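Chemist: Attaching a single structure in structure tokens format; questions to follow.
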Amino acid sequence: MSTVERATEASANGAGSAGEITVINPATGAVIGTLPNMGAEQVAELVSKARAAQPAWDALGFKGRARVMLNMRAWVMENRERVISTLIEESGKTYEDALLQELLYTSDSLGFWAKKAEKYLGDERIRPHSPMLLGKKLVVRYRPMGVVGVIGPWNYPLVNNFGDAIPALMAGNAVVLKPSSVTPYSSLLMAEGMRASGCPEDVFSIACGSGGAGGALVDTCDMIMFTGSTETGRKIAEQAAKRLIPAALELGGKDPMIVLDDADLERAANAAITYGLSNSGQTCISVERVYAHEKIYDEFVEKVGEKARDLRQGVPGEAGSVDVGAITFDEQVDVIEKHVTDAREKGARILAGGSRGDGPGQFFQPTVLADVDHSMLIMTEETFGPTLPIMKVSDADEAVRLANDSPYGLDSSVWSKDVRRGEQVARQVQAGATCVNDALVNYLALEQPFGGVKESGLGARHGAKGIQKYCRTHSILVTRFGMKRDPNFLPYKKSRTKLLERLLVLQFGRGARKSSD
């Protein structure tokens, strides 16, 4: 049994018999359907087929692969109602969460990588610095890894599943995607769309299964892209290291929001509500903890609490019907309740929500907490739910110190009407990314690398780094005008060696120049 498999525990949603997975609508408790639970041999067969199909896919070139991606973008738009309804049913998202987060990112990503892949992966000409390399041509090529295994999470069945497959495919790799056993249907729908868009058989396939399927991918693929918990990420990194294959990891987060004394409180409060509670707070880069300056603390807390109490929560349906949906993974409700209870018992004030929702579905009320501190789990551990804990701080220095007092470092935000001051504070935050007067939307900046520091992961999505990670580099040196015998060729001669030695001294014998001060 792989380390990944041991780290995965069965739950009501995504569990079943050894040979099948049962998928449940988290908002209603109704069974959506069952799927085969692939074992290691079946996953290995998918990888074998992908490896056989990959060379022809690579041979299509960037333009040929781009046509498939652009066709897929059109297919997603044409079939958006199917995609949205599938997302709502298997994850409990609201219509808007499915449309404005999942579909927007996926469609934009398909077009972006179709356009930019060739630019980011084209041959790079390098100018040599050494006199020994005069007249020589240096080129760096980017070649696909082969078969990339993508292991995705349940909170974003498109963005962090199929979304990671897109640049890997555009780089010329075949991809085997293992979605969460909690939310597999949207990935299967993407595979249907890719076939309809002209993607060759076996180039993009889905491995539906529990943790054992993920472990089998790590054991057979040429590179792994994983999004999920830090605990499981460590195990995947260890397993990949034994095979000496690269693994890119986006892991946990506890993203801070720093509200300075000169912030636009109305905008900041609206953003805290939106980017802390949308998708029921089940976003790695959502606002998970807030540090508000003591001068504006009371006003800010009042605004956020009032806005949270006005939110509508319930079974997602048509557009505009509810604001906050269900908790996708049933065990996560227990974590959220534990954190809120711990905070309440240690003196936090509950300004909105604070309890599980009523009914058969998996809900937790949109919750705002005041008077919190770092003795509380809700300020130090990843809650991953619709909670907004707000802590009072005396100044910007204290806010930065507390924001950095975390094992995580994924996203973050700073709020100030003085943009220059806001950026100065942002530069002190230990995170892979920081927004000033905004949050979370930086994930849409596909030109800019996005990745975590500390225990939030390794590697990056987006930008040149986000597609180059799916490639091996191949460096080529071409000697265009070579002599019959270079000065360093054997056999050695004393006179020639001494001449080379004098040239070395002339080139490297000078120290640092003295300052004129």
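So you can find residues: chains in the structure tokens are A, B, ... in the order shown, residues in each start at 1, and ligands are numbered from 1 in order.
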Out of stretch 289-502 of chain A, which residues get strand (DSSP E) from DSSP, as a JSON list (two decimals) with N, CA and C atoms, in the first residue's frame?
Modeler:
[["chain", "number", "residue", "atom", "x", "y", "z"],
["A", 289, "ARG", "N", -8.05, 34.60, 8.14],
["A", 289, "ARG", "CA", -7.86, 35.32, 9.41],
["A", 289, "ARG", "C", -7.64, 36.79, 9.08],
["A", 290, "VAL", "N", -8.16, 37.67, 9.94],
["A", 290, "VAL", "CA", -8.12, 39.11, 9.68],
["A", 290, "VAL", "C", -7.46, 39.80, 10.87],
["A", 291, "TYR", "N", -6.55, 40.74, 10.55],
["A", 291, "TYR", "CA", -5.92, 41.58, 11.57],
["A", 291, "TYR", "C", -6.31, 43.03, 11.28],
["A", 292, "ALA", "N", -7.12, 43.62, 12.16],
["A", 292, "ALA", "CA", -7.64, 44.97, 11.95],
["A", 292, "ALA", "C", -7.05, 45.92, 12.98],
["A", 293, "HIS", "N", -6.62, 47.09, 12.52],
["A", 293, "HIS", "CA", -6.03, 48.10, 13.39],
["A", 293, "HIS", "C", -7.04, 48.54, 14.45],
["A", 349, "ARG", "N", -16.13, 36.35, 20.56],
["A", 349, "ARG", "CA", -17.54, 36.71, 20.39],
["A", 349, "ARG", "C", -18.01, 36.25, 19.01],
["A", 350, "ILE", "N", -19.17, 35.63, 18.97],
["A", 350, "ILE", "CA", -19.76, 35.20, 17.70],
["A", 350, "ILE", "C", -20.72, 36.29, 17.24],
["A", 351, "LEU", "N", -20.39, 36.95, 16.14],
["A", 351, "LEU", "CA", -21.22, 38.05, 15.64],
["A", 351, "LEU", "C", -22.21, 37.58, 14.58],
["A", 352, "ALA", "N", -21.97, 36.44, 14.00],
["A", 352, "ALA", "CA", -22.88, 35.88, 13.00],
["A", 352, "ALA", "C", -22.63, 34.38, 12.95],
["A", 367, "THR", "N", -19.93, 32.46, 9.48],
["A", 367, "THR", "CA", -19.62, 32.79, 10.86],
["A", 367, "THR", "C", -18.55, 33.87, 10.96],
["A", 368, "VAL", "N", -18.82, 34.90, 11.75],
["A", 368, "VAL", "CA", -17.86, 35.97, 12.02],
["A", 368, "VAL", "C", -17.56, 35.95, 13.51],
["A", 369, "LEU", "N", -16.27, 35.98, 13.84],
["A", 369, "LEU", "CA", -15.83, 35.95, 15.22],
["A", 369, "LEU", "C", -14.95, 37.17, 15.51],
["A", 370, "ALA", "N", -15.18, 37.80, 16.65],
["A", 370, "ALA", "CA", -14.37, 38.93, 17.09],
["A", 370, "ALA", "C", -13.63, 38.56, 18.37],
["A", 387, "THR", "N", -15.80, 30.87, 7.73],
["A", 387, "THR", "CA", -15.54, 31.56, 8.99],
["A", 387, "THR", "C", -14.65, 32.77, 8.75],
["A", 388, "LEU", "N", -14.87, 33.83, 9.52],
["A", 388, "LEU", "CA", -14.04, 35.03, 9.45],
["A", 388, "LEU", "C", -13.67, 35.46, 10.87],
["A", 389, "PRO", "N", -12.54, 35.04, 11.39],
["A", 389, "PRO", "CA", -12.08, 35.50, 12.70],
["A", 389, "PRO", "C", -11.32, 36.81, 12.56],
["A", 390, "ILE", "N", -11.65, 37.81, 13.38],
["A", 390, "ILE", "CA", -11.04, 39.14, 13.27],
["A", 390, "ILE", "C", -10.35, 39.49, 14.58],
["A", 391, "MET", "N", -9.05, 39.80, 14.50],
["A", 391, "MET", "CA", -8.23, 40.10, 15.67],
["A", 391, "MET", "C", -7.81, 41.56, 15.66],
["A", 392, "LYS", "N", -7.83, 42.20, 16.82],
["A", 392, "LYS", "CA", -7.41, 43.60, 16.97],
["A", 392, "LYS", "C", -5.90, 43.67, 17.11],
["A", 393, "VAL", "N", -5.27, 44.61, 16.38],
["A", 393, "VAL", "CA", -3.82, 44.83, 16.48],
["A", 393, "VAL", "C", -3.55, 46.31, 16.70],
["A", 408, "TYR", "N", 2.24, 28.39, 7.37],
["A", 408, "TYR", "CA", 1.77, 28.51, 5.99],
["A", 408, "TYR", "C", 2.18, 29.84, 5.37],
["A", 409, "GLY", "N", 2.19, 29.88, 4.05],
["A", 409, "GLY", "CA", 2.49, 31.12, 3.34],
["A", 409, "GLY", "C", 2.04, 31.03, 1.90],
["A", 413, "SER", "N", -3.30, 39.55, 1.95],
["A", 413, "SER", "CA", -3.75, 40.85, 1.45],
["A", 413, "SER", "C", -3.51, 41.94, 2.49],
["A", 414, "VAL", "N", -3.30, 43.17, 1.98],
["A", 414, "VAL", "CA", -3.11, 44.36, 2.82],
["A", 414, "VAL", "C", -4.04, 45.43, 2.29],
["A", 415, "TRP", "N", -4.68, 46.17, 3.22],
["A", 415, "TRP", "CA", -5.70, 47.14, 2.84],
["A", 415, "TRP", "C", -5.35, 48.52, 3.40],
["A", 435, "CYS", "N", -1.86, 40.63, -2.18],
["A", 435, "CYS", "CA", -2.64, 41.65, -2.87],
["A", 435, "CYS", "C", -2.70, 42.91, -2.01],
["A", 436, "VAL", "N", -2.77, 44.07, -2.64],
["A", 436, "VAL", "CA", -3.02, 45.33, -1.95],
["A", 436, "VAL", "C", -4.39, 45.83, -2.38],
["A", 453, "VAL", "N", 4.98, 29.39, -0.03],
["A", 453, "VAL", "CA", 6.24, 29.25, 0.67],
["A", 453, "VAL", "C", 5.97, 28.51, 1.98],
["A", 454, "LYS", "N", 7.03, 28.19, 2.69],
["A", 454, "LYS", "CA", 6.94, 27.43, 3.94],
["A", 454, "LYS", "C", 6.17, 26.13, 3.69],
["A", 457, "GLY", "N", 3.72, 24.70, 0.08],
["A", 457, "GLY", "CA", 3.96, 24.00, -1.17],
["A", 457, "GLY", "C", 5.31, 24.24, -1.80],
["A", 458, "LEU", "N", 5.49, 23.59, -2.95],
["A", 458, "LEU", "CA", 6.71, 23.69, -3.75],
["A", 458, "LEU", "C", 6.32, 23.92, -5.20],
["A", 471, "CYS", "N", 8.27, 20.35, -18.03],
["A", 471, "CYS", "CA", 9.24, 20.03, -19.08],
["A", 471, "CYS", "C", 10.61, 19.72, -18.50],
["A", 472, "ARG", "N", 11.38, 18.99, -19.28],
["A", 472, "ARG", "CA", 12.80, 18.82, -19.03],
["A", 472, "ARG", "C", 13.55, 19.83, -19.90],
["A", 473, "THR", "N", 14.64, 20.35, -19.39],
["A", 473, "THR", "CA", 15.45, 21.23, -20.22],
["A", 473, "THR", "C", 16.49, 20.41, -20.98],
["A", 474, "HIS", "N", 16.77, 20.83, -22.19],
["A", 474, "HIS", "CA", 17.77, 20.17, -23.04],
["A", 474, "HIS", "C", 18.68, 21.27, -23.58],
["A", 475, "SER", "N", 19.89, 21.34, -23.07],
["A", 475, "SER", "CA", 20.83, 22.39, -23.47],
["A", 475, "SER", "C", 21.72, 21.90, -24.60],
["A", 476, "ILE", "N", 21.81, 22.71, -25.65],
["A", 476, "ILE", "CA", 22.59, 22.34, -26.84],
["A", 476, "ILE", "C", 23.66, 23.40, -27.08],
["A", 477, "LEU", "N", 24.89, 22.96, -27.34],
["A", 477, "LEU", "CA", 25.99, 23.85, -27.73],
["A", 477, "LEU", "C", 26.41, 23.47, -29.15],
["A", 478, "VAL", "N", 26.48, 24.47, -29.99],
["A", 478, "VAL", "CA", 26.88, 24.25, -31.39],
["A", 478, "VAL", "C", 28.13, 25.08, -31.68],
["A", 479, "THR", "N", 29.19, 24.40, -32.11],
["A", 479, "THR", "CA", 30.41, 25.09, -32.54],
["A", 479, "THR", "C", 30.31, 25.33, -34.04]]
Chemist: Pull the helix (DSSP H, G or I) assignments for stretch 389-447 of chain A out of DSSP run on the backbone, and list those residues as a PyMOL selection string.
Modeler: chain A and resi 396-404+419-426+441-444
Chemist: Between A:Leu503, A:Ile88, A:Trp113, A:Asn79, which has the minimum distance to A:Phe62 (counting only C-alpha atoms)?
Modeler: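 Among the listed residues, the smallest separation from A:Phe62 belongs to A:Trp113.
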Chemist: Could you jot down the atom CA of A:Leu70 to atom CA of A:Ser197 separation for me, Å, one decimal place?
Modeler: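 A separation of 8.3 Å between them.
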Chemist: From the options A:Leu158, A:Cys284, A:Val400, A:Val324, which residue's atoms come nearest to A:Ala308, counting only C-alpha atoms?
Modeler: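 Once distances to A:Ala308 are computed over only C-alpha atoms, the minimum belongs to A:Val324.
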Chemist: What's the 12 Å shell around A:Gly422, counting only C-alpha atoms, without same-chain residues fewer than 5 positions away, as number ranges by chain?
Modeler: A: 257-264, 396, 400, 413-417, 427-429, 434-438
Chemist: Considering only C-alpha atoms, can you say which of A:Ile285, A:Val315, A:Leu277, A:Ala196 comes closest to A:Ala433?
Modeler: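 Counting only C-alpha atoms, the residue closest to A:Ala433 is A:Ile285.
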Chemist: Please provide as a PyMOL selection string all residues within 8 Å of A:Ile166, with the sequence filter that same-chain residues fewer than 5 positions apart are discarded (counting only C-alpha atoms).
Modeler: chain A and resi 69+109-110+113
Chemist: For N, CA and C atoms, I'd like the residues from the last selection saved as a compact mmCIF listing (two decimals), in the first residue's frame.
Modeler:
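Saved the output as selection.txt:
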# COMPACT_ATOMS: atom_id res chain seq x y z
N MET A 69 -7.36 22.94 -27.65
CA MET A 69 -7.71 23.72 -26.47
C MET A 69 -8.77 24.78 -26.78
N SER A 109 -8.14 29.91 -18.94
CA SER A 109 -6.91 29.14 -18.94
C SER A 109 -6.71 28.41 -20.27
N LEU A 110 -7.78 27.85 -20.82
CA LEU A 110 -7.67 27.16 -22.11
C LEU A 110 -7.15 28.10 -23.19
N TRP A 113 -3.21 29.40 -22.26
CA TRP A 113 -2.12 28.46 -22.54
C TRP A 113 -2.04 28.11 -24.03
Chemist: Need the shell around A:Val175: protein/DNA/RNA residues with any atom at most 8 Å away, counting only C-alpha atoms. Skip same-chain ones fewer than 4 positions apart. Format as JSON, numbers by chain?
Modeler: {"A": [50, 147, 148, 149, 150, 165, 168, 169, 203, 204, 205]}
Chemist: Of the candidates A:Ala40, A:Ala426, A:Ile467, A:Val83, which one gets nearest to A:Ser107 if we count only C-alpha atoms?
Modeler: A:Val83
Chemist: Counting only C-alpha atoms, give me one row per residue of stretch 70-177 of chain A with an atom at most 10 Å from an atom of stretch 227-251 of chain A, showing the shortest contact pair and its distance in Å to one decimal, sorted by chain then residue number, as a tab-separated table.
Modeler:
residue	atom	partner	partner_atom	distance
A:Met145	CA	A:Pro246	CA	9.6
A:Val148	CA	A:Ala247	CA	9.8
A:Gly149	CA	A:Ala247	CA	9.4
A:Val150	CA	A:Thr227	CA	8.4
A:Ile151	CA	A:Thr227	CA	6.5
A:Gly152	CA	A:Thr227	CA	5.4
A:Pro153	CA	A:Gly228	CA	5.7
A:Trp154	CA	A:Gly228	CA	8.7
A:Asn155	CA	A:Gly228	CA	9.3
A:Tyr156	CA	A:Thr227	CA	10.0
A:Asn160	CA	A:Thr227	CA	6.9
A:Asn161	CA	A:Thr227	CA	8.4
A:Asp164	CA	A:Thr227	CA	9.5
Chemist: Applying 12 Å and only C-alpha atoms, which residues near A:Leu133 remain after dropping the ones on its own chain fewer than 4 positions away? List them as an MDAnalysis selection string.
Modeler: chainID A and resid 126:129 137:138 477:482 486
Chemist: Output N, CA, C and O atoms of each residue in that selection to a file, as a JSON list (two decimals), in the first residue's frame.
Modeler:
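Wrote again01.json, looks like this:
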[["chain", "number", "residue", "atom", "x", "y", "z"],
["A", 126, "ILE", "N", 21.10, 31.64, -25.63],
["A", 126, "ILE", "CA", 21.87, 32.13, -24.50],
["A", 126, "ILE", "C", 23.17, 32.74, -25.00],
["A", 126, "ILE", "O", 23.87, 32.15, -25.83],
["A", 127, "ARG", "N", 23.50, 33.91, -24.49],
["A", 127, "ARG", "CA", 24.75, 34.56, -24.89],
["A", 127, "ARG", "C", 25.86, 34.09, -23.96],
["A", 127, "ARG", "O", 25.80, 34.30, -22.74],
["A", 128, "PRO", "N", 26.90, 33.42, -24.48],
["A", 128, "PRO", "CA", 27.96, 32.92, -23.61],
["A", 128, "PRO", "C", 28.80, 34.05, -23.03],
["A", 128, "PRO", "O", 29.04, 35.06, -23.68],
["A", 129, "HIS", "N", 29.25, 33.86, -21.78],
["A", 129, "HIS", "CA", 30.06, 34.88, -21.11],
["A", 129, "HIS", "C", 31.55, 34.58, -21.20],
["A", 129, "HIS", "O", 32.37, 35.48, -21.09],
["A", 137, "LYS", "N", 27.27, 28.59, -30.27],
["A", 137, "LYS", "CA", 25.83, 28.85, -30.13],
["A", 137, "LYS", "C", 25.29, 28.02, -28.96],
["A", 137, "LYS", "O", 25.51, 26.81, -28.89],
["A", 138, "LEU", "N", 24.59, 28.68, -28.03],
["A", 138, "LEU", "CA", 24.00, 28.01, -26.87],
["A", 138, "LEU", "C", 22.47, 28.09, -26.96],
["A", 138, "LEU", "O", 21.91, 29.17, -27.15],
["A", 477, "LEU", "N", 24.89, 22.96, -27.34],
["A", 477, "LEU", "CA", 25.99, 23.85, -27.73],
["A", 477, "LEU", "C", 26.41, 23.47, -29.15],
["A", 477, "LEU", "O", 26.64, 22.30, -29.44],
["A", 478, "VAL", "N", 26.48, 24.47, -29.99],
["A", 478, "VAL", "CA", 26.88, 24.25, -31.39],
["A", 478, "VAL", "C", 28.13, 25.08, -31.68],
["A", 478, "VAL", "O", 28.13, 26.30, -31.50],
["A", 479, "THR", "N", 29.19, 24.40, -32.11],
["A", 479, "THR", "CA", 30.41, 25.09, -32.54],
["A", 479, "THR", "C", 30.31, 25.33, -34.04],
["A", 479, "THR", "O", 30.35, 24.39, -34.84],
["A", 480, "ARG", "N", 30.16, 26.57, -34.42],
["A", 480, "ARG", "CA", 29.93, 26.90, -35.83],
["A", 480, "ARG", "C", 31.23, 27.07, -36.61],
["A", 480, "ARG", "O", 31.33, 26.72, -37.78],
["A", 481, "PHE", "N", 32.26, 27.67, -35.96],
["A", 481, "PHE", "CA", 33.52, 27.93, -36.65],
["A", 481, "PHE", "C", 34.66, 27.39, -35.79],
["A", 481, "PHE", "O", 35.23, 28.11, -34.99],
["A", 482, "GLY", "N", 34.99, 26.13, -35.96],
["A", 482, "GLY", "CA", 36.00, 25.50, -35.13],
["A", 482, "GLY", "C", 37.34, 25.35, -35.84],
["A", 482, "GLY", "O", 37.41, 25.09, -37.05],
["A", 486, "ASP", "N", 41.99, 23.32, -30.96],
["A", 486, "ASP", "CA", 41.78, 24.39, -29.98],
["A", 486, "ASP", "C", 42.97, 24.44, -29.02],
["A", 486, "ASP", "O", 43.67, 23.43, -28.84]]
Chemist: Between A:Gly64, A:Pro316, A:Gly347, A:Pro360, which one has atoms that come closest to A:Ile84, using only C-alpha atoms?
Modeler: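 Residue with the minimum atom-to-atom distance to A:Ile84: A:Pro316.
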Chemist: One number please: atom CA of A:Ala326 to atom CA of A:Ala27, in Å, one decimal.
Modeler: 5.2 Å
Chemist: Kindly indicate which residue among A:Phe112, A:Phe363, A:Phe384, A:Tyr443 lies nearest to A:Arg312, using only C-alpha atoms for the distances.
Modeler: A:Phe363
